[in-house]
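Novice: Handing over entry-v7.cif, mmCIF, C-alpha atoms and all ligand atoms.
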```
data_run
loop_
_atom_site.label_atom_id
_atom_site.label_comp_id
_atom_site.auth_asym_id
_atom_site.auth_seq_id
_atom_site.Cartn_x
_atom_site.Cartn_y
_atom_site.Cartn_z
CA MET A 12 97.91 111.51 102.07
CA ALA A 13 97.05 113.61 99.08
CA CYS A 14 95.32 112.76 95.84
CA ARG A 15 97.44 113.84 92.93
CA ALA A 16 97.80 113.65 89.23
CA ALA A 17 101.14 112.92 87.62
CA GLU A 18 102.39 113.08 84.10
CA ALA A 19 104.42 110.34 82.44
CA ASP A 20 105.03 109.67 78.77
CA GLY A 21 102.79 112.60 77.96
CA SER A 22 99.70 111.03 79.56
CA PHE A 23 98.04 111.89 82.85
CA TYR A 24 97.11 109.37 85.46
CA ARG A 25 96.19 109.61 89.11
CA LEU A 26 98.51 108.31 91.76
CA PRO A 27 97.05 106.41 94.68
CA ALA A 28 96.64 108.84 97.55
CA SER A 29 98.46 106.55 99.94
CA VAL A 30 101.70 106.76 98.06
CA PRO A 31 102.06 110.33 96.87
CA PRO A 32 105.21 111.14 94.89
CA ASP A 33 106.58 113.51 97.50
CA SER A 34 106.40 113.37 101.24
CA GLY A 35 105.48 116.98 101.86
CA ASN A 36 101.76 117.48 101.66
CA HIS A 37 99.78 114.69 103.30
CA THR A 38 96.35 116.23 103.40
CA PRO A 39 94.03 113.47 104.60
CA LEU A 40 91.24 112.67 102.19
CA HIS A 41 87.76 112.09 103.50
CA PRO A 42 86.14 108.75 102.73
CA ASP A 43 84.17 109.05 99.47
CA GLN A 44 81.79 106.21 100.23
CA PRO A 45 78.55 105.49 98.40
CA ASP A 46 75.21 105.31 100.28
CA ASN A 47 75.32 101.52 100.53
CA SER A 48 78.94 101.30 101.70
CA LYS A 49 80.25 98.06 103.20
CA VAL A 50 83.37 97.43 105.19
CA LEU A 51 85.45 94.59 106.61
CA LYS A 52 88.53 94.86 108.81
CA VAL A 53 90.83 91.91 108.36
CA ALA A 54 93.74 91.16 110.70
CA ILE A 55 96.18 88.77 109.07
CA ILE A 56 97.97 86.91 111.84
CA GLY A 57 100.42 84.05 111.85
CA ALA A 58 103.89 82.95 112.75
CA PRO A 59 106.82 84.88 111.24
CA ASN A 60 107.37 84.10 107.54
CA ALA A 61 103.91 82.56 107.03
CA GLY A 62 103.39 84.88 104.06
CA LYS A 63 101.22 87.61 105.61
CA SER A 64 102.80 90.53 103.76
CA THR A 65 102.83 88.63 100.47
CA LEU A 66 99.11 88.01 100.80
CA SER A 67 98.40 91.66 101.67
CA ASN A 68 100.37 92.83 98.63
CA GLN A 69 98.61 90.36 96.35
CA LEU A 70 95.17 91.38 97.61
CA LEU A 71 96.05 95.04 97.13
CA GLY A 72 97.53 94.35 93.70
CA ARG A 73 100.53 96.47 94.58
CA LYS A 74 103.62 95.95 96.70
CA VAL A 75 103.22 98.18 99.71
CA PHE A 76 104.57 95.78 102.33
CA ALA A 77 108.10 94.37 102.48
CA VAL A 78 108.49 90.64 101.91
CA SER A 79 111.52 88.43 102.46
CA LYS A 80 112.64 84.89 103.21
CA LYS A 81 113.97 86.03 106.59
CA VAL A 82 111.62 86.12 109.56
CA HIS A 83 110.42 89.41 111.04
CA THR A 84 110.63 91.46 107.87
CA THR A 85 107.50 93.28 109.00
CA ARG A 86 108.48 95.43 111.98
CA SER A 87 105.30 97.23 112.80
CA ARG A 88 101.60 97.14 112.23
CA ALA A 89 100.51 98.71 108.96
CA LEU A 90 97.25 99.01 107.07
CA GLY A 91 96.46 98.23 103.49
CA VAL A 92 93.18 99.45 102.02
CA LEU A 93 91.38 97.66 99.21
CA THR A 94 88.34 99.46 97.82
CA GLU A 95 86.16 97.99 95.08
CA ASN A 96 82.69 99.18 94.12
CA ASP A 97 80.75 99.72 97.37
CA THR A 98 83.12 97.70 99.57
CA GLN A 99 86.23 98.61 101.52
CA ILE A 100 88.48 95.91 102.99
CA ILE A 101 90.98 97.17 105.53
CA LEU A 102 93.90 94.77 105.80
CA LEU A 103 95.99 94.84 108.92
CA ASP A 104 99.44 93.41 108.16
CA THR A 105 100.86 92.45 111.54
CA PRO A 106 104.43 91.54 112.45
CA GLY A 107 104.83 87.80 113.02
CA LEU A 108 103.62 87.28 116.57
CA THR A 109 106.64 86.57 118.70
CA THR A 110 107.64 85.83 122.28
CA PRO A 111 110.33 87.11 124.68
CA SER A 112 112.31 83.87 124.34
CA LYS A 113 112.37 84.12 120.53
CA VAL A 114 113.46 87.76 120.73
CA LYS A 115 116.42 86.59 122.83
CA ARG A 116 117.19 83.52 120.74
CA HIS A 117 117.17 85.36 117.41
CA GLN A 118 118.86 88.45 118.85
CA LEU A 119 115.97 90.59 117.74
CA GLU A 120 115.31 94.09 118.94
CA LYS A 121 113.02 94.42 121.92
CA SER A 122 110.68 96.37 119.65
CA MET A 123 109.87 93.07 117.93
CA LEU A 124 108.15 91.89 121.07
CA VAL A 125 104.70 92.50 119.79
CA ASP A 126 101.80 91.98 122.08
CA PRO A 127 99.11 90.52 119.84
CA TRP A 128 96.42 92.27 121.87
CA ASN A 129 97.99 95.62 121.10
CA THR A 130 98.29 94.66 117.46
CA VAL A 131 94.56 94.30 117.12
CA LYS A 132 93.28 96.55 119.90
CA GLU A 133 92.84 99.79 118.03
CA PRO A 134 90.70 98.47 115.19
CA LEU A 135 88.72 96.38 117.65
CA ILE A 136 87.74 99.39 119.62
CA SER A 137 86.57 101.13 116.49
CA CYS A 138 84.23 98.32 115.40
CA VAL A 139 84.03 94.75 116.63
CA ALA A 140 81.30 93.47 114.33
CA LEU A 141 83.16 94.25 111.14
CA PHE A 142 86.23 92.23 111.99
CA LEU A 143 87.75 89.00 110.69
CA PHE A 144 90.93 87.13 111.60
CA VAL A 145 92.82 85.47 108.75
CA VAL A 146 95.17 82.95 110.34
CA MET A 147 98.05 82.02 108.03
CA VAL A 148 100.08 78.85 108.36
CA ASP A 149 103.10 78.03 106.20
CA VAL A 150 102.38 74.43 105.20
CA ALA A 151 105.81 74.11 103.61
CA ASP A 152 107.49 74.52 106.99
CA ARG A 153 107.48 70.95 108.22
CA TRP A 154 108.56 71.94 111.73
CA THR A 155 105.67 74.26 112.42
CA CYS A 156 102.91 73.39 109.96
CA ASN A 157 100.94 70.93 112.05
CA ARG A 158 100.18 73.19 114.98
CA LEU A 159 99.09 76.76 115.44
CA ASP A 160 101.59 79.10 117.00
CA PHE A 161 100.84 79.60 120.70
CA GLU A 162 100.68 83.38 120.22
CA VAL A 163 98.09 82.90 117.49
CA LEU A 164 96.00 80.59 119.68
CA LYS A 165 96.19 83.13 122.48
CA CYS A 166 95.02 85.85 120.14
CA LEU A 167 92.06 83.78 118.93
CA ALA A 168 91.11 82.63 122.42
CA GLN A 169 91.16 86.15 123.75
CA HIS A 170 88.85 87.38 120.99
CA PRO A 171 86.33 84.53 120.74
CA ASN A 172 83.64 86.77 119.25
CA ILE A 173 85.66 87.61 116.17
CA PRO A 174 85.22 85.14 113.32
CA ALA A 175 88.40 83.54 112.02
CA ILE A 176 89.33 81.68 108.86
CA LEU A 177 92.34 79.44 108.34
CA VAL A 178 94.59 79.89 105.33
CA LEU A 179 97.01 77.05 104.63
CA ASN A 180 99.57 78.99 102.64
CA LYS A 181 102.37 77.92 100.24
CA VAL A 182 100.54 74.78 99.05
CA ASP A 183 102.51 75.15 95.80
CA LEU A 184 105.55 73.92 97.74
CA VAL A 185 103.82 70.80 99.07
CA LYS A 186 104.21 67.73 96.85
CA ALA A 187 101.97 65.31 98.76
CA LYS A 188 98.70 67.25 98.59
CA ASP A 189 96.80 64.64 100.62
CA LYS A 190 98.88 65.79 103.60
CA LEU A 191 96.85 69.02 103.49
CA LEU A 192 93.70 67.26 104.68
CA ASP A 193 95.52 65.84 107.68
CA LEU A 194 96.92 69.27 108.44
CA THR A 195 93.47 70.83 108.18
CA ALA A 196 92.12 68.28 110.64
CA GLU A 197 94.96 69.00 113.06
CA LEU A 198 94.78 72.79 112.80
CA THR A 199 90.99 72.88 113.18
CA CYS A 200 90.67 70.12 115.82
CA GLY A 201 88.54 68.45 113.15
CA ILE A 202 85.82 71.12 113.34
CA VAL A 203 85.06 73.77 110.72
CA ASN A 204 82.14 76.18 111.02
CA GLY A 205 80.75 74.13 113.87
CA GLN A 206 80.69 70.92 111.81
CA LYS A 207 82.88 67.88 112.32
CA MET A 208 85.18 67.35 109.37
CA ARG A 209 84.71 64.05 107.61
CA VAL A 210 88.44 63.53 107.13
CA ARG A 211 88.83 61.77 110.44
CA LEU A 212 87.58 62.03 113.98
CA MET A 213 89.49 64.39 116.18
CA VAL A 214 89.18 64.84 119.91
CA LYS A 215 88.21 68.35 120.88
CA PRO A 216 90.71 69.89 123.30
CA ARG A 217 89.72 69.76 126.98
CA TRP A 218 89.40 73.51 127.45
CA ALA A 219 87.21 73.93 124.38
CA LYS A 220 84.66 71.58 125.94
CA LYS A 221 84.56 73.71 129.06
CA ARG A 222 83.71 76.86 127.15
CA PRO A 223 80.06 77.39 126.26
CA GLU A 224 79.55 75.33 123.15
CA ARG A 225 78.05 78.23 121.29
CA ASP A 226 80.40 78.31 118.33
CA SER A 227 79.67 74.76 117.31
CA GLU A 228 75.95 74.99 117.96
CA LEU A 229 75.03 78.19 116.21
CA SER A 230 74.15 78.31 112.57
CA PRO A 231 76.34 80.74 110.57
CA ASP A 232 73.50 83.29 110.54
CA GLU A 233 72.88 83.10 114.26
CA ASP A 234 76.58 83.29 114.76
CA ASN A 235 76.89 86.43 112.66
CA ALA A 236 74.04 88.00 114.58
CA ARG A 237 75.85 87.22 117.80
CA HIS A 238 79.03 88.84 116.48
CA GLU A 239 77.22 91.93 115.39
CA GLY A 240 75.53 92.38 118.72
CA SER A 241 78.66 91.72 120.71
CA ALA A 242 79.82 94.66 122.76
CA GLU A 243 82.76 92.95 124.41
CA PRO A 244 85.51 92.22 121.90
CA SER A 245 87.94 90.36 124.09
CA SER A 246 88.14 88.28 127.21
CA VAL A 247 90.98 87.80 129.66
CA LEU A 248 92.28 84.25 129.65
CA SER A 249 92.66 82.43 132.95
CA LYS A 250 95.93 80.70 133.86
CA GLU A 251 94.20 77.39 133.31
CA GLN A 252 93.09 78.36 129.80
CA LEU A 253 96.59 79.55 128.91
CA LYS A 254 98.04 76.27 130.19
CA ALA A 255 95.53 74.29 128.13
CA LEU A 256 96.29 76.38 125.04
CA ARG A 257 99.97 75.42 125.30
CA SER A 258 99.12 71.80 124.63
CA GLN A 259 96.56 72.62 121.96
CA GLN A 260 97.37 71.99 118.32
CA GLY A 261 94.50 73.71 116.54
CA TRP A 262 91.47 75.97 116.87
CA PRO A 263 87.99 74.43 116.70
CA SER A 264 86.10 77.61 115.75
CA PHE A 265 87.35 78.45 112.25
CA LYS A 266 84.52 79.42 109.93
CA ASP A 267 86.32 78.35 106.76
CA VAL A 268 89.57 76.86 105.54
CA PHE A 269 91.48 77.86 102.41
CA MET A 270 94.24 75.77 100.86
CA PHE A 271 96.12 78.44 99.19
CA SER A 272 99.15 79.91 97.53
CA SER A 273 99.68 83.64 97.95
CA THR A 274 101.58 83.67 94.71
CA ASP A 275 98.67 82.19 92.70
CA ARG A 276 96.42 84.89 91.20
CA GLU A 277 93.37 82.66 91.07
CA ASP A 278 93.71 81.68 94.75
CA VAL A 279 94.10 85.31 95.74
CA ASP A 280 91.03 86.31 93.73
CA THR A 281 88.99 83.57 95.42
CA LEU A 282 89.94 84.85 98.86
CA LYS A 283 89.33 88.42 97.76
CA SER A 284 85.79 87.54 96.65
CA TYR A 285 85.21 85.78 99.99
CA LEU A 286 86.28 88.92 101.89
CA MET A 287 84.10 91.14 99.71
CA VAL A 288 81.07 88.96 100.44
CA ALA A 289 81.89 88.90 104.18
CA ALA A 290 81.86 92.73 104.36
CA LYS A 291 78.95 94.26 106.27
CA PRO A 292 77.11 97.56 105.85
CA GLY A 293 79.20 100.25 107.49
CA PRO A 294 81.07 103.46 106.80
CA TRP A 295 84.37 103.41 104.94
CA GLN A 296 87.35 104.59 106.92
CA TYR A 297 89.47 105.78 104.01
CA HIS A 298 89.11 107.51 100.66
CA SER A 299 88.82 105.00 97.83
CA GLU A 300 92.27 105.98 96.51
CA VAL A 301 94.10 105.28 99.74
CA LEU A 302 96.24 102.13 99.57
CA THR A 303 98.08 102.18 102.89
CA ASP A 304 98.47 104.21 106.05
CA GLN A 305 102.25 104.07 105.72
CA SER A 306 103.97 107.29 104.75
CA PRO A 307 105.99 107.27 101.49
CA GLU A 308 109.19 107.21 103.58
CA GLU A 309 107.96 104.21 105.54
CA VAL A 310 107.22 102.28 102.35
CA CYS A 311 110.67 103.21 101.04
CA THR A 312 112.61 102.31 104.20
CA SER A 313 110.77 99.01 104.64
CA ILE A 314 111.57 98.00 101.05
CA ILE A 315 115.23 98.96 101.63
CA ARG A 316 115.18 96.72 104.72
CA GLU A 317 113.66 93.91 102.65
CA LYS A 318 116.54 94.06 100.16
CA LEU A 319 119.14 94.29 102.94
CA LEU A 320 117.59 91.18 104.49
CA GLU A 321 117.76 89.39 101.17
CA HIS A 322 121.43 90.16 100.59
CA LEU A 323 123.01 90.21 104.04
CA PRO A 324 123.14 88.03 107.14
CA GLN A 325 120.16 88.78 109.36
CA GLU A 326 122.03 90.56 112.18
CA VAL A 327 123.37 93.25 109.82
CA PRO A 328 120.06 94.71 108.51
CA TYR A 329 118.54 94.65 111.98
CA SER A 330 121.39 96.76 113.35
CA LEU A 331 121.26 99.39 110.58
CA THR A 332 119.28 102.60 110.89
CA GLN A 333 118.11 104.72 107.97
CA THR A 334 117.75 108.44 107.40
CA VAL A 335 116.00 109.91 104.36
CA GLU A 336 118.29 112.77 103.31
CA PHE A 337 116.19 114.15 100.48
CA TRP A 338 113.04 113.30 98.55
CA ARG A 339 112.30 115.46 95.54
CA ASP A 340 110.91 115.61 92.03
CA GLY A 341 113.51 115.41 89.30
CA GLU A 342 113.31 117.59 86.20
CA GLY A 343 112.04 114.78 84.01
CA GLY A 344 109.19 113.83 86.41
CA GLU A 345 111.21 111.15 88.16
CA LEU A 346 111.45 110.87 91.93
CA ASP A 347 114.92 111.41 93.42
CA ILE A 348 115.49 109.94 96.84
CA SER A 349 118.64 109.82 98.94
CA VAL A 350 118.85 107.52 101.97
CA LYS A 351 121.79 107.14 104.33
CA LEU A 352 122.30 103.88 106.21
CA TYR A 353 124.09 104.05 109.56
CA ALA A 354 125.96 100.96 110.76
CA MET A 355 127.25 100.27 114.25
CA LYS A 356 130.39 98.42 113.10
CA ASP A 357 133.03 99.04 110.46
CA SER A 358 132.68 95.44 109.29
CA HIS A 359 128.96 96.04 108.63
CA VAL A 360 129.75 99.15 106.57
CA ARG A 361 132.10 97.07 104.42
CA MET A 362 129.56 94.27 104.03
CA VAL A 363 126.81 96.63 102.87
CA ILE A 364 129.11 98.38 100.40
CA GLY A 365 130.39 95.08 99.01
CA THR A 366 133.29 94.58 96.62
CA ALA A 367 133.89 97.82 94.72
CA GLY A 368 130.52 99.15 95.91
CA GLN A 369 128.62 96.51 93.95
CA LEU A 370 126.23 95.40 96.67
CA VAL A 371 125.00 98.82 97.75
CA ALA A 372 124.53 99.75 94.08
CA ARG A 373 122.57 96.55 93.44
CA ILE A 374 120.33 97.13 96.47
CA ALA A 375 119.69 100.74 95.37
CA HIS A 376 118.79 99.48 91.88
CA GLU A 377 116.39 96.82 93.18
CA VAL A 378 114.68 99.23 95.59
CA SER A 379 114.31 101.84 92.82
CA LYS A 380 112.65 99.23 90.62
CA ASP A 381 110.14 98.22 93.32
CA LEU A 382 109.40 101.83 94.26
CA SER A 383 108.78 102.74 90.61
CA GLN A 384 105.90 100.26 90.70
CA VAL A 385 104.59 101.67 93.96
CA TYR A 386 104.75 105.33 92.91
CA LEU A 387 103.99 104.69 89.23
CA ARG A 388 106.94 106.79 88.07
CA GLU A 389 110.68 106.41 87.66
CA VAL A 390 112.48 106.38 91.01
CA ARG A 391 116.20 107.08 91.42
CA LEU A 392 117.46 106.05 94.82
CA LYS A 393 120.90 107.05 96.07
CA LEU A 394 121.97 104.80 98.92
CA SER A 395 125.05 105.45 101.06
CA VAL A 396 126.46 103.83 104.19
CA LYS A 397 128.22 105.44 107.13
CA LEU A 398 129.58 104.33 110.46
CA ARG A 399 127.52 105.72 113.35
CA LYS A 400 129.99 107.34 115.77
N1 LIG A 501 106.29 79.48 97.26
C1 LIG A 501 105.62 80.35 97.97
N2 LIG A 501 106.27 81.29 98.68
C2 LIG A 501 105.54 82.17 99.39
C3 LIG A 501 104.13 82.15 99.42
N3 LIG A 501 103.71 83.15 100.24
C4 LIG A 501 104.81 83.77 100.70
N4 LIG A 501 105.93 83.18 100.20
C5 LIG A 501 107.33 83.54 100.50
O1 LIG A 501 107.53 83.38 101.90
C6 LIG A 501 108.47 84.33 102.39
C7 LIG A 501 107.88 85.08 103.59
O2 LIG A 501 106.80 85.88 103.12
P1 LIG A 501 106.35 87.20 103.90
O3 LIG A 501 105.13 87.69 103.19
O4 LIG A 501 107.50 88.15 104.08
O5 LIG A 501 105.97 86.59 105.30
P2 LIG A 501 105.43 87.35 106.63
O6 LIG A 501 104.48 86.40 107.28
O7 LIG A 501 104.91 88.70 106.29
O8 LIG A 501 106.79 87.44 107.46
P3 LIG A 501 107.17 88.36 108.74
O9 LIG A 501 107.27 89.77 108.24
O10 LIG A 501 108.48 87.77 109.17
O11 LIG A 501 106.12 88.17 109.79
C8 LIG A 501 108.82 85.22 101.20
O12 LIG A 501 110.03 84.76 100.65
C9 LIG A 501 107.67 85.01 100.23
O13 LIG A 501 108.05 85.20 98.88
C10 LIG A 501 103.45 81.15 98.64
O14 LIG A 501 102.23 81.02 98.61
N5 LIG A 501 104.25 80.28 97.94
#
```
Rewrite the coordinates I just gave you, this time as structure tokens.
Specialist:
Amino acid sequence: MACRAAEADGSFYRLPASVPPDSGNHTPLHPDQPDNSKVLKVAIIGAPNAGKSTLSNQLLGRKVFAVSKKVHTTRSRALGVLTENDTQIILLDTPGLTTPSKVKRHQLEKSMLVDPWNTVKEPLISCVALFLFVVMVDVADRWTCNRLDFEVLKCLAQHPNIPAILVLNKVDLVKAKDKLLDLTAELTCGIVNGQKMRVRLMVKPRWAKKRPERDSELSPDEDNARHEGSAEPSSVLSKEQLKALRSQQGWPSFKDVFMFSSTDREDVDTLKSYLMVAAKPGPWQYHSEVLTDQSPEEVCTSIIREKLLEHLPQEVPYSLTQTVEFWRDGEGGELDISVKLYAMKDSHVRMVIGTAGQLVARIAHEVSKDLSQVYLREVRLKLSVKLRK
């Protein structure tokens, strides 16, 4: 990841180090932190399609993660880095947590079987005290909105020392706003930051009573102190706890709840300020110009996949593979990229090409437009499709 300057319209500006204009020289930059640096590592978890990548992009102010209406757009863990003044927020955009049965049902690749522990393990090892879970729920999905995904509950239960906040996302799509209070009560078991919600009385789940009642008894300050001193980030859940989690609707240890729309600037700014305040003294992990740990090719191929998902039936994009054929500076300062898509079936090749090549041209145009905003320069993408023999 190199820090560069680029010229456009006769004026110089610096490109973010995370998304350099060519993929050749990725010299890592050392963190350029001030003396009083603060840091917070945020893992955004939630069911597929909850809006995790949209939120990450909005917080970063730039589209570095693919977003689509189809589930499982995000295929692997990736970092976004938001640095402002003395504070660095490291956002971990995770794939929607999924299970073996869903992989089978939706004919997903085995690689989509993401173990939530693995998703968060690496950053946990590096620093437990500076961690926060943001749990996202799509409140517009009436089938799933009133209970937390089992995989999410498992993740929270296995890391009880890590504070978590609940984000009820897509409230712009909910007409009856009073429903949001009921949902909050259900998803929090009626308890937020150790206090009973006044909305209505909720019965705490059986297993939560059995655990030491520390979360509900500690004041926020005592609680923070406990988190900071904690050496053990995760605990292994017993069979009994897992069984109890299956019948559990919500999580009684959220510190805060946000009713939120990832597409609303004001909402995003409110959450951003909350994260900035929650950051603790600690060393930055990245240079202030780094935006993501994804390589330029990874950003490009994930945005191509996003567009393929938007325009084609789900099974087609998931079966395509991509190869970056070239990536070079054009004479006028633009970025020329050529990507070849390989399909397993002739019918898929025809679908991607579309009538008279219109679809592949449209996808290439849309990807170029998005990438121009990522790389802050004109991008010309050539996209071709071939049958893999
Ligand atoms: N109306 C509305 N749509 C939203 C909001 N947040 C996300 N979306 C849409 O929801 C869809 C899914 O968003 P993503 O950000 O891709 O969701 P994700 O959780 O990263 O999905 P996976 O990668 O499948 O895990 C996209 O079409 C977004 O545009 C919101 O606050 N309001």
Novice: Find the distance between CA of Asp104 (chain A) and CA of Gln169 (chain A) and write it in Å to one decimal.
Specialist: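 That distance, rounded to one decimal, is 19.1 Å.
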Novice: Given only C-alpha atoms as the basis, pick out the residue of A:Lys254, A:Met355, A:Glu345, A:Leu282 nearest to Glu326 (chain A).
Specialist: A:Met355
Novice: Work out how far apart CA of Ser67 (chain A) and CA of Leu394 (chain A) are and give it in Å to one decimal.
Specialist: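 According to the coordinates, CA of Ser67 (chain A) and CA of Leu394 (chain A) are separated by 27.1 Å.
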Novice: Please check which residues have atoms at most 12 Å from (101.1, 95.1, 96.9) in the file's coordinates, counting only C-alpha atoms, and write them as a VMD selection string.
Specialist: chain A and resid 30 63 to 78 90 to 93 102 104 273 to 274 302 to 303 310 314 381 to 382 384 to 386
Novice: Would you list the contacts of Thr195 (chain A) as a ChimeraX atom specification, taking every protein, DNA or RNA residue within 9 Å and counting only C-alpha atoms, but skipping same-chain residues closer than 4 positions in sequence?
Specialist: /A:157,177,179,190-191,199-201,210,261,268,270
Novice: Show which residues sit within 10 Å of Lys400 (chain A), as a list of chain:residue names. Count all atoms listed in the file, and ignore same-chain residues fewer than 4 positions away.
Specialist: A:Tyr353, A:Ala354, A:Met355, A:Lys356
Novice: Can you write out the residues you just picked, keeping C-alpha atoms, as a PDB file, in the frame of the given file?
Specialist:
```pdb
ATOM      1  CA  TYR A 353     124.090 104.050 109.560  1.00  0.00           C
ATOM      2  CA  ALA A 354     125.960 100.960 110.760  1.00  0.00           C
ATOM      3  CA  MET A 355     127.250 100.270 114.250  1.00  0.00           C
ATOM      4  CA  LYS A 356     130.390  98.420 113.100  1.00  0.00           C
TER       5      LYS A 356
END
```
Novice: Mind giving me the straight-line distance from CA of Lys207 (chain A) to CA of Val163 (chain A) in Å, one decimal?
Specialist: 22.0 Å
Novice: Which one of A:Gln369, A:Asn47, A:Ser306, A:Asn180 sits closest to ligand LIG 501 (chain A) if you count only C-alpha atoms and all ligand atoms?
Specialist: A:Asn180
Novice: Excluding Pro45 (chain A) and any residue of its chain fewer than 3 positions from it, enumerate the residues within 12 Å of it, using all atoms listed in the file, and give them as a list in words.
Specialist: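 Neighbouring residues, sequence-local ones excluded: Pro42, Ser48, Lys49, Val50, Thr94, Glu95, Asn96, Asp97, Thr98, Gln99, Pro292, Gly293, Pro294, Trp295, His298 and Ser299 of chain A.
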Novice: Between A:Gly62, A:Pro171, A:Gly57, A:Pro263, single out the one closest to ligand LIG 501 (chain A), counting all atoms listed in the file.
Specialist: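 Closest residue, counting all atoms listed in the file: A:Gly62.
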Novice: Measuring between all atoms listed in the file, which one of A:Arg158, A:Arg276, A:His359, A:Lys351 shows the shortest distance to ligand LIG 501 (chain A)?
Specialist: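 Among the listed residues, the smallest separation from ligand LIG 501 (chain A) belongs to A:Arg276.
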Novice: Tell me which of A:Ile173, A:Leu253, A:Arg361, A:Val378 sits closest to Ser313 (chain A), counting all atoms listed in the file.
Specialist: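 With all atoms listed in the file as the atom set, the closest residue is A:Val378.
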Novice: Point out the residue among A:Val279, A:Ile100, A:Ala175, A:Ala372 with the least atom-to-atom distance to ligand LIG 501 (chain A), counting all atoms listed in the file.
Specialist: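 So, comparing all the options, the nearest one is A:Val279.
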Novice: Excluding Val350 (chain A) and residues on its chain fewer than 2 positions from it, collect all residues at most 8 Å away from it, counting all atoms listed in the file, and give them as a PyMOL selection string.
Specialist: chain A and resi 333-337+348+352+392-395
Novice: Assuming 5 Å of padding per side, give the centre and edge lengths of the axis-aligned box around every listed atom of ligand LIG 501 (chain A), in Å to one decimal and as JSON.
Specialist:
```
{"center_x": 106.1, "center_y": 84.6, "center_z": 103.5, "size_x": 17.8, "size_y": 20.3, "size_z": 22.5}
```
Novice: How would region 382-393 of chain A read, as an mmCIF file, keeping the file's coordinate frame, once N, CA and C atoms are built in?
Specialist:
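Once written, result14.cif looks like this:
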```
data_model
loop_
_atom_site.group_PDB
_atom_site.id
_atom_site.type_symbol
_atom_site.label_atom_id
_atom_site.label_comp_id
_atom_site.auth_asym_id
_atom_site.auth_seq_id
_atom_site.Cartn_x
_atom_site.Cartn_y
_atom_site.Cartn_z
ATOM 1 N N LEU A 382 110.098 100.574 93.941
ATOM 2 C CA LEU A 382 109.400 101.830 94.260
ATOM 3 C C LEU A 382 108.764 102.444 93.016
ATOM 4 N N SER A 383 109.371 102.213 91.851
ATOM 5 C CA SER A 383 108.780 102.740 90.610
ATOM 6 C C SER A 383 107.380 102.156 90.430
ATOM 7 N N GLN A 384 107.220 100.884 90.845
ATOM 8 C CA GLN A 384 105.900 100.260 90.700
ATOM 9 C C GLN A 384 104.923 100.753 91.766
ATOM 10 N N VAL A 385 105.468 101.138 92.912
ATOM 11 C CA VAL A 385 104.590 101.670 93.960
ATOM 12 C C VAL A 385 104.129 103.082 93.591
ATOM 13 N N TYR A 386 105.085 103.918 93.170
ATOM 14 C CA TYR A 386 104.750 105.330 92.910
ATOM 15 C C TYR A 386 104.361 105.606 91.467
ATOM 16 N N LEU A 387 104.379 104.572 90.636
ATOM 17 C CA LEU A 387 103.990 104.690 89.230
ATOM 18 C C LEU A 387 104.775 105.783 88.497
ATOM 19 N N ARG A 388 106.048 105.876 88.774
ATOM 20 C CA ARG A 388 106.940 106.790 88.070
ATOM 21 C C ARG A 388 108.373 106.312 88.282
ATOM 22 N N GLU A 389 109.282 106.843 87.485
ATOM 23 C CA GLU A 389 110.680 106.410 87.660
ATOM 24 C C GLU A 389 111.207 106.885 89.016
ATOM 25 N N VAL A 390 111.901 106.007 89.715
ATOM 26 C CA VAL A 390 112.480 106.380 91.010
ATOM 27 C C VAL A 390 113.984 106.182 90.930
ATOM 28 N N ARG A 391 114.739 107.209 91.364
ATOM 29 C CA ARG A 391 116.200 107.080 91.420
ATOM 30 C C ARG A 391 116.621 107.185 92.871
ATOM 31 N N LEU A 392 117.069 106.059 93.410
ATOM 32 C CA LEU A 392 117.460 106.050 94.820
ATOM 33 C C LEU A 392 118.979 106.081 94.953
ATOM 34 N N LYS A 393 119.463 107.014 95.747
ATOM 35 C CA LYS A 393 120.900 107.050 96.070
ATOM 36 C C LYS A 393 121.020 106.500 97.496
#
```
